[in-house]
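Engineer: My file is model-v6.pdb. It has PDB, C-alpha atoms and all ligand atoms:
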```
ATOM      1  CA  MET A   1       0.000   0.000   0.000
ATOM      2  CA  ILE A   2       1.347   3.436  -0.924
ATOM      3  CA  ARG A   3       1.003   5.809   2.018
ATOM      4  CA  THR A   4      -0.257   9.241   1.083
ATOM      5  CA  TYR A   5      -1.286  12.528   2.658
ATOM      6  CA  ARG A   6      -3.418  14.524   0.225
ATOM      7  CA  SER A   7      -4.937  17.907   1.095
ATOM      8  CA  ASP A   8      -8.391  18.463  -0.397
ATOM      9  CA  ASP A   9      -7.157  21.470  -2.405
ATOM     10  CA  TRP A  10      -3.670  20.347  -3.498
ATOM     11  CA  ASP A  11      -4.417  20.822  -7.218
ATOM     12  CA  GLN A  12      -5.924  24.291  -6.752
ATOM     13  CA  LEU A  13      -2.796  25.852  -5.223
ATOM     14  CA  LYS A  14      -1.448  27.582  -8.317
ATOM     15  CA  MET A  15       1.732  29.588  -7.887
ATOM     16  CA  ASP A  16       3.495  31.835 -10.381
ATOM     17  CA  VAL A  17       7.061  30.458 -10.305
ATOM     18  CA  ARG A  18       8.421  33.935 -11.121
ATOM     19  CA  VAL A  19       6.618  35.534  -8.154
ATOM     20  CA  PRO A  20       7.777  33.249  -5.356
ATOM     21  CA  HIS A  21       6.705  35.422  -2.413
ATOM     22  CA  ARG A  22       3.096  35.990  -3.492
ATOM     23  CA  VAL A  23       0.674  35.067  -0.710
ATOM     24  CA  LEU A  24      -1.571  32.250  -1.965
ATOM     25  CA  GLU A  25      -3.779  31.708   1.078
ATOM     26  CA  PRO A  26      -4.245  32.901   4.678
ATOM     27  CA  VAL A  27      -1.316  31.792   6.853
ATOM     28  CA  GLU A  28      -3.751  29.976   9.195
ATOM     29  CA  ARG A  29      -4.823  27.737   6.290
ATOM     30  CA  GLU A  30      -1.175  27.132   5.294
ATOM     31  CA  ILE A  31      -0.320  26.154   8.887
ATOM     32  CA  ALA A  32      -3.365  23.856   9.137
ATOM     33  CA  VAL A  33      -2.475  21.948   5.950
ATOM     34  CA  VAL A  34       1.163  21.548   6.965
ATOM     35  CA  ASP A  35       0.062  20.419  10.454
ATOM     36  CA  GLU A  36      -2.147  17.736   8.868
ATOM     37  CA  ALA A  37       0.793  16.517   6.794
ATOM     38  CA  LEU A  38       3.119  16.493   9.837
ATOM     39  CA  THR A  39       0.540  14.499  11.803
ATOM     40  CA  VAL A  40       0.360  11.846   9.060
ATOM     41  CA  LEU A  41       4.186  11.700   9.006
ATOM     42  CA  HIS A  42       4.237  11.315  12.786
ATOM     43  CA  GLU A  43       1.589   8.566  12.723
ATOM     44  CA  ALA A  44       3.563   6.740  10.013
ATOM     45  CA  GLY A  45       6.636   6.755  12.260
ATOM     46  CA  VAL A  46       8.593   9.134  10.007
ATOM     47  CA  LEU A  47       8.768  12.047  12.474
ATOM     48  CA  PRO A  48       9.194  11.882  16.265
ATOM     49  CA  HIS A  49       6.703  14.751  16.825
ATOM     50  CA  THR A  50       5.005  17.605  14.954
ATOM     51  CA  LYS A  51       6.051  20.725  16.874
ATOM     52  CA  TYR A  52       8.106  23.564  15.389
ATOM     53  CA  ASP A  53       8.425  27.316  16.088
ATOM     54  CA  HIS A  54       5.967  29.243  13.884
ATOM     55  CA  ALA A  55       7.500  32.665  14.637
ATOM     56  CA  LYS A  56      10.978  31.453  13.633
ATOM     57  CA  MET A  57       9.535  29.990  10.451
ATOM     58  CA  LEU A  58       8.135  33.419   9.540
ATOM     59  CA  ALA A  59      11.452  35.093  10.439
ATOM     60  CA  HIS A  60      13.159  32.667   8.056
ATOM     61  CA  ARG A  61      10.624  33.438   5.317
ATOM     62  CA  ALA A  62      11.105  37.208   5.756
ATOM     63  CA  ALA A  63      14.912  36.871   5.531
ATOM     64  CA  VAL A  64      14.660  34.894   2.285
ATOM     65  CA  ARG A  65      12.224  37.423   0.831
ATOM     66  CA  GLU A  66      14.537  40.311   1.720
ATOM     67  CA  SER A  67      17.905  38.867   0.760
ATOM     68  CA  PHE A  68      17.589  36.111  -1.867
ATOM     69  CA  GLU A  69      17.757  36.639  -5.618
ATOM     70  CA  ILE A  70      15.250  34.074  -6.970
ATOM     71  CA  PRO A  71      14.686  34.131 -10.758
ATOM     72  CA  TRP A  72      12.050  31.399 -10.362
ATOM     73  CA  THR A  73      11.132  28.647  -7.965
ATOM     74  CA  ALA A  74       8.496  25.924  -7.804
ATOM     75  CA  ILE A  75       8.680  25.790  -4.000
ATOM     76  CA  SER A  76       5.233  26.932  -2.852
ATOM     77  CA  PRO A  77       4.839  28.666   0.524
ATOM     78  CA  ARG A  78       3.271  25.437   1.838
ATOM     79  CA  MET A  79       6.256  23.417   0.659
ATOM     80  CA  GLN A  80       8.658  25.983   2.136
ATOM     81  CA  ARG A  81       6.910  25.632   5.514
ATOM     82  CA  LEU A  82       6.865  21.820   5.307
ATOM     83  CA  LEU A  83      10.599  21.610   4.496
ATOM     84  CA  TYR A  84      11.478  24.054   7.284
ATOM     85  CA  ALA A  85       9.296  22.154   9.775
ATOM     86  CA  ILE A  86      10.706  18.714   8.921
ATOM     87  CA  ASN A  87      14.265  19.988   9.399
ATOM     88  CA  ALA A  88      13.341  21.803  12.631
ATOM     89  CA  ILE A  89      11.823  18.564  13.969
ATOM     90  CA  VAL A  90      14.525  16.139  12.787
ATOM     91  CA  GLU A  91      17.484  18.482  13.496
ATOM     92  CA  PRO A  92      19.926  16.794  11.112
ATOM     93  CA  GLN A  93      23.587  17.375  11.986
ATOM     94  CA  ASN A  94      24.533  16.781   8.358
ATOM     95  CA  LEU A  95      22.231  17.789   5.501
ATOM     96  CA  ILE A  96      22.952  17.384   1.795
ATOM     97  CA  ALA A  97      20.558  18.981  -0.706
ATOM     98  CA  ALA A  98      21.009  17.884  -4.340
ATOM     99  CA  GLY A  99      20.095  20.198  -7.239
ATOM    100  CA  VAL A 100      19.534  23.502  -5.457
ATOM    101  CA  PHE A 101      19.428  25.922  -8.424
ATOM    102  CA  CYS A 102      19.428  29.451  -6.842
ATOM    103  CA  GLY A 103      19.394  28.025  -3.310
ATOM    104  CA  ASN A 104      15.745  28.562  -2.367
ATOM    105  CA  THR A 105      15.058  24.848  -1.861
ATOM    106  CA  PHE A 106      18.296  24.454   0.052
ATOM    107  CA  ILE A 107      17.631  27.302   2.473
ATOM    108  CA  SER A 108      14.049  26.060   3.041
ATOM    109  CA  ASN A 109      15.787  23.053   4.639
ATOM    110  CA  ALA A 110      18.940  24.677   6.074
ATOM    111  CA  GLY A 111      17.063  27.718   7.435
ATOM    112  CA  ALA A 112      16.019  25.605  10.418
ATOM    113  CA  ALA A 113      19.658  25.735  11.577
ATOM    114  CA  VAL A 114      21.064  29.055  10.270
ATOM    115  CA  GLY A 115      19.873  32.647  10.027
ATOM    116  CA  PRO A 116      16.898  34.191  11.848
ATOM    117  CA  GLY A 117      14.878  30.939  11.664
ATOM    118  CA  ALA A 118      17.585  28.867  13.377
ATOM    119  CA  CYS A 119      16.294  26.577  16.112
ATOM    120  CA  TYR A 120      19.259  24.190  16.477
ATOM    121  CA  THR A 121      22.972  23.964  15.645
ATOM    122  CA  ALA A 122      24.170  21.770  12.764
ATOM    123  CA  ARG A 123      27.622  20.567  11.621
ATOM    124  CA  ASN A 124      27.362  20.604   7.807
ATOM    125  CA  LEU A 125      24.550  21.969   5.632
ATOM    126  CA  ILE A 126      25.605  21.384   2.036
ATOM    127  CA  GLY A 127      23.748  22.400  -1.113
ATOM    128  CA  VAL A 128      25.003  20.886  -4.380
ATOM    129  CA  GLU A 129      24.408  22.441  -7.802
ATOM    130  CA  ILE A 130      25.990  21.119 -10.997
ATOM    131  CA  LYS A 131      25.830  24.416 -12.964
ATOM    132  CA  PRO A 132      28.706  26.614 -11.733
ATOM    133  CA  GLU A 133      26.946  29.935 -12.407
ATOM    134  CA  GLU A 134      23.839  28.803 -10.500
ATOM    135  CA  ALA A 135      26.016  27.482  -7.674
ATOM    136  CA  GLU A 136      27.702  30.907  -7.451
ATOM    137  CA  ARG A 137      24.347  32.680  -7.188
ATOM    138  CA  ALA A 138      23.121  30.173  -4.581
ATOM    139  CA  GLU A 139      26.301  30.687  -2.544
ATOM    140  CA  ARG A 140      25.837  34.491  -2.715
ATOM    141  CA  ASN A 141      22.249  34.106  -1.539
ATOM    142  CA  VAL A 142      23.121  31.746   1.299
ATOM    143  CA  ARG A 143      26.005  33.948   2.560
ATOM    144  CA  ARG A 144      23.538  36.829   3.081
ATOM    145  CA  ILE A 145      21.575  34.698   5.569
ATOM    146  CA  ASP A 146      24.387  32.628   7.091
ATOM    147  CA  PRO A 147      27.712  34.443   7.532
ATOM    148  CA  THR A 148      29.080  31.453   9.521
ATOM    149  CA  GLY A 149      29.676  29.097   6.574
ATOM    150  CA  VAL A 150      27.892  26.136   8.186
ATOM    151  CA  ALA A 151      25.501  26.345   5.241
ATOM    152  CA  ARG A 152      27.412  26.318   1.970
ATOM    153  CA  ILE A 153      27.090  25.497  -1.704
ATOM    154  CA  ILE A 154      29.317  23.141  -3.677
ATOM    155  CA  ALA A 155      29.431  23.305  -7.482
ATOM    156  CA  ALA A 156      29.558  19.616  -8.438
ATOM    157  CA  ASP A 157      27.578  16.525  -9.352
ATOM    158  CA  ALA A 158      25.524  15.553  -6.302
ATOM    159  CA  VAL A 159      26.153  11.841  -6.916
ATOM    160  CA  ASP A 160      29.889  12.441  -6.365
ATOM    161  CA  VAL A 161      29.442  14.725  -3.345
ATOM    162  CA  VAL A 162      27.139  12.250  -1.588
ATOM    163  CA  ASP A 163      29.397   9.339  -2.521
ATOM    164  CA  GLU A 164      32.470  11.072  -1.046
ATOM    165  CA  PHE A 165      30.850  12.514   2.102
ATOM    166  CA  GLN A 166      32.474  10.744   5.069
ATOM    167  CA  GLU A 167      30.042  11.484   7.925
ATOM    168  CA  PRO A 168      26.547  10.108   8.631
ATOM    169  CA  ILE A 169      23.902  11.824   6.498
ATOM    170  CA  GLY A 170      20.919  12.801   8.652
ATOM    171  CA  LEU A 171      18.820  14.316   5.901
ATOM    172  CA  LEU A 172      19.116  14.075   2.117
ATOM    173  CA  TYR A 173      16.990  16.439   0.012
ATOM    174  CA  LEU A 174      16.583  15.537  -3.677
ATOM    175  CA  ASP A 175      15.641  18.052  -6.366
ATOM    176  CA  ALA A 176      18.234  17.530  -9.151
ATOM    177  CA  ASP A 177      16.778  17.208 -12.619
ATOM    178  CA  GLY A 178      19.660  15.138 -13.910
ATOM    179  CA  ALA A 179      21.922  17.212 -16.129
ATOM    180  CA  GLY A 180      23.334  15.168 -19.017
ATOM    181  CA  GLY A 181      20.008  13.583 -19.974
ATOM    182  CA  ARG A 182      19.513  11.605 -16.748
ATOM    183  CA  GLY A 183      16.332  13.460 -15.738
ATOM    184  CA  LYS A 184      14.760  13.060 -12.323
ATOM    185  CA  GLY A 185      15.866   9.408 -12.391
ATOM    186  CA  VAL A 186      19.132  10.736 -10.922
ATOM    187  CA  TYR A 187      17.420  10.723  -7.489
ATOM    188  CA  LEU A 188      17.973   6.953  -7.358
ATOM    189  CA  ASP A 189      21.706   7.329  -8.171
ATOM    190  CA  ILE A 190      22.057   9.917  -5.388
ATOM    191  CA  VAL A 191      20.234   7.934  -2.693
ATOM    192  CA  GLU A 192      22.135   4.759  -3.621
ATOM    193  CA  ALA A 193      25.420   6.700  -3.345
ATOM    194  CA  GLY A 194      24.618   7.720   0.260
ATOM    195  CA  TYR A 195      22.522   4.803   1.515
ATOM    196  CA  ASP A 196      25.271   3.083   3.521
ATOM    197  CA  ARG A 197      26.017   6.344   5.450
ATOM    198  CA  MET A 198      22.379   6.981   6.333
ATOM    199  CA  PRO A 199      21.802   5.858   9.925
ATOM    200  CA  GLU A 200      18.525   4.517  11.259
ATOM    201  CA  GLY A 201      16.064   7.412  11.564
ATOM    202  CA  SER A 202      17.649   9.448   8.765
ATOM    203  CA  ILE A 203      15.296  11.107   6.290
ATOM    204  CA  VAL A 204      15.162  11.450   2.501
ATOM    205  CA  LEU A 205      12.964  14.146   0.971
ATOM    206  CA  ALA A 206      12.185  13.929  -2.746
ATOM    207  CA  HIS A 207      10.589  16.965  -4.393
ATOM    208  CA  ASN A 208       8.236  16.454  -7.399
ATOM    209  CA  SER A 209       6.736  13.169  -6.186
ATOM    210  CA  VAL A 210       3.511  14.179  -7.980
ATOM    211  CA  ASN A 211       4.414  16.012 -11.180
ATOM    212  CA  SER A 212       7.489  13.805 -11.897
ATOM    213  CA  ALA A 213       6.064  10.540 -10.537
ATOM    214  CA  GLU A 214       6.628   8.713 -13.832
ATOM    215  CA  SER A 215      10.330   9.569 -14.138
ATOM    216  CA  LEU A 216      10.749   8.865 -10.398
ATOM    217  CA  ARG A 217       9.148   5.396 -10.550
ATOM    218  CA  PHE A 218      12.346   3.418  -9.836
ATOM    219  CA  TYR A 219      13.297   5.857  -7.067
ATOM    220  CA  LEU A 220       9.818   5.573  -5.523
ATOM    221  CA  GLU A 221       9.974   1.760  -5.699
ATOM    222  CA  PHE A 222      13.311   1.933  -3.866
ATOM    223  CA  VAL A 223      12.160   4.128  -0.954
ATOM    224  CA  ARG A 224       8.785   2.353  -0.659
ATOM    225  CA  ASP A 225      10.531  -1.028  -0.257
ATOM    226  CA  PRO A 226      10.150  -1.813   3.488
ATOM    227  CA  GLY A 227      13.415  -3.751   3.308
ATOM    228  CA  ARG A 228      15.229  -0.471   2.608
ATOM    229  CA  PHE A 229      13.161   2.251   4.313
ATOM    230  CA  ARG A 230      11.036   1.810   7.440
ATOM    231  CA  ALA A 231       8.284   4.076   6.092
ATOM    232  CA  SER A 232       7.634   6.393   3.170
ATOM    233  CA  VAL A 233       4.766   8.865   2.694
ATOM    234  CA  ASN A 234       3.807  10.821  -0.417
ATOM    235  CA  VAL A 235       2.874  14.281   0.874
ATOM    236  CA  ILE A 236       0.586  15.961  -1.659
ATOM    237  CA  LEU A 237      -0.193  19.495  -0.550
ATOM    238  CA  ASP A 238       0.568  21.249  -3.829
ATOM    239  CA  PRO A 239       0.888  20.175  -7.485
ATOM    240  CA  GLU A 240       4.586  19.194  -7.020
ATOM    241  CA  GLY A 241       4.509  16.928  -3.943
ATOM    242  CA  LEU A 242       7.205  15.583  -1.600
ATOM    243  CA  GLU A 243       7.998  11.926  -0.873
ATOM    244  CA  VAL A 244       9.214  11.697   2.740
ATOM    245  CA  SER A 245      11.066   8.506   3.674
ATOM    246  CA  VAL A 246      12.684   7.339   6.914
ATOM    247  CA  LYS A 247      15.375   4.668   7.067
TER     248      LYS A 247
HETATM  249  C1  LIG B 301      14.577  21.943 -11.215
HETATM  250  S1  LIG B 301      15.986  22.663 -10.494
HETATM  251  C2  LIG B 301      15.495  22.731  -8.796
HETATM  252  C3  LIG B 301      14.719  23.973  -8.506
HETATM  253  C4  LIG B 301      13.773  23.852  -7.345
HETATM  254  N1  LIG B 301      12.805  22.784  -7.537
HETATM  255  C5  LIG B 301      13.043  25.163  -7.126
HETATM  256  O1  LIG B 301      11.847  25.189  -7.397
HETATM  257  O2  LIG B 301      13.657  26.145  -6.683
HETATM  258  C6  LIG B 301      17.102  21.356 -10.560
HETATM  259  C7  LIG B 301      18.544  21.767 -10.454
HETATM  260  O3  LIG B 301      19.345  20.583 -10.365
HETATM  261  C8  LIG B 301      20.575  20.823 -11.003
HETATM  262  N2  LIG B 301      21.183  19.510 -11.256
HETATM  263  C9  LIG B 301      20.875  18.624 -12.238
HETATM  264  N3  LIG B 301      21.610  17.495 -12.122
HETATM  265  C10 LIG B 301      22.385  17.657 -11.020
HETATM  266  C11 LIG B 301      23.348  16.840 -10.373
HETATM  267  N4  LIG B 301      23.647  15.607 -10.826
HETATM  268  N5  LIG B 301      23.969  17.320  -9.278
HETATM  269  C12 LIG B 301      23.685  18.571  -8.802
HETATM  270  N6  LIG B 301      22.776  19.388  -9.401
HETATM  271  C13 LIG B 301      22.132  18.949 -10.483
HETATM  272  C14 LIG B 301      20.184  21.627 -12.225
HETATM  273  O4  LIG B 301      21.277  22.332 -12.752
HETATM  274  C15 LIG B 301      19.069  22.532 -11.657
HETATM  275  O5  LIG B 301      19.588  23.780 -11.225
END
```
For the file at hand, write its structure as structure tokens.
Structural biologist:
Amino acid sequence: MIRTYRSDDWDQLKMDVRVPHRVLEPVEREIAVVDEALTVLHEAGVLPHTKYDHAKMLAHRAAVRESFEIPWTAISPRMQRLLYAINAIVEPQNLIAAGVFCGNTFISNAGAAVGPGACYTARNLIGVEIKPEEAERAERNVRRIDPTGVARIIAADAVDVVDEFQEPIGLLYLDADGAGGRGKGVYLDIVEAGYDRMPEGSIVLAHNSVNSAESLRFYLEFVRDPGRFRASVNVILDPEGLEVSVK
């Protein structure tokens, strides 16, 4: 059985990818939908609890709005809140985010540990982007929020970075679209590269579980195999979706 959380209005949440900060709904509704998703993740055994600091989340959002250059992004405000909340709850010491483009997806995760939304201290928060010019922009954006360098961008192929990372990986965020003709199928290469350094309780987040479900089918089979991941839930709160898996 495929586990799913689906909000009743997931397909009506239309964002303009070039206007990332446009308010799409009252914040109370956004919080309620994300809370429902967190509750399903908790009940599935993916998350230890559902509590996170709402004021810090909004401080994080304001800092991104004020300081990030974002030419476009498909991360809806709901998805931004969900990513922040999962990281705030799991508190990964080491995070690797694969395919970060201008850094908005990355900081939605890393912002739980750096900048005005920080609610814990991490060791390494690494965003990986294969296009050097995009990696440079992402690094510029991230430096404006995190002067410490704990959060940083590497210009490289995420498969190699994950493969060579020596410490346990607490959270892996997947959003690469597979430069070189690999497409979203590259998610499977990345998770396989890091699987042996993912301890019990570590989390993998895969963006586009809805609108790229077909090209992600082998990846989704992998994380939904109970022999490999303890639980996996498809969180459908916008037209893109997020598969959340716990090892
Ligand atoms: C679709 S974008 C992610 C944007 C994000 N969903 C958003 O809405 O802000 C995917 C990014 O992955 C990068 N990418 C593709 N293959 C990669 C790889 N193997 N390693 C690292 N980055 C990669 C691309 O250059 C691109 O910037």
Engineer: Taking all atoms listed in the file and a cut-off of 6 Å, can you tell me which residues surround ligand LIG 301 (chain B), written as a list in words?
Structural biologist: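 The residues near ligand LIG 301 (chain B) are Thr73, Ala74, Ile75, Ala98, Gly99, Val100, Phe101, Asn104, Thr105, Val128, Glu129, Ile130, Lys131, Ala156, Asp157, Ala158, Val159, Asp175, Ala176, Asp177, Gly178 and Ala179 of chain A.
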Engineer: Counting all atoms listed in the file, figure out which residue out of A:Ser67, A:Gln80, A:Asn87, A:Gln12 gets nearest to Ile31 of chain A.
Structural biologist: A:Gln80
Engineer: Which residues are near segment 42-46 of chain A? Cut-off 9 Å, all atoms listed in the file, ignore same chain within fewer than 5 positions. Put them as a list in words.
Structural biologist: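 In the requested form, the answer reads Arg3, Ala37, Gly201, Ile203, Arg230, Ala231, Ser232, Val233, Val244, Ser245, Val246 and Lys247 of chain A.
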Engineer: Which one is closest to Ile70 of chain A: A:Leu174, A:Ile145, A:Val114, A:Arg137? Count only C-alpha atoms.
Structural biologist: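 For Ile70 of chain A, the nearest of the candidates is A:Arg137.
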Engineer: Find the residues of segment 40-89 of chain A that sit at most 8 Å from segment 106-113 of chain A; for each, write down the nearest two atoms and how far apart they are in Å, to one decimal. Count only C-alpha atoms. Sort by chain, then by number going up, and give it as CSV.
Structural biologist:
```
residue,atom,partner,partner_atom,distance
A:Met57,CA,A:Ala112,CA,7.8
A:His60,CA,A:Gly111,CA,6.3
A:Gln80,CA,A:Ser108,CA,5.5
A:Arg81,CA,A:Ser108,CA,7.6
A:Leu83,CA,A:Asn109,CA,5.4
A:Tyr84,CA,A:Asn109,CA,5.2
A:Ala85,CA,A:Ala112,CA,7.6
A:Ile86,CA,A:Asn109,CA,7.9
A:Asn87,CA,A:Asn109,CA,5.9
A:Ala88,CA,A:Ala112,CA,5.2
```
Engineer: Could you give me the axis-aligned bounding box of segment 133-148 of chain A, with 6 Å of padding per side, as centre plus edge lengths in Å to one decimal, as AutoDock Vina command-line options?
Structural biologist:
```
--center_x 25.3 --center_y 32.2 --center_z -1.4 --size_x 19.5 --size_y 21.3 --size_z 33.9
```
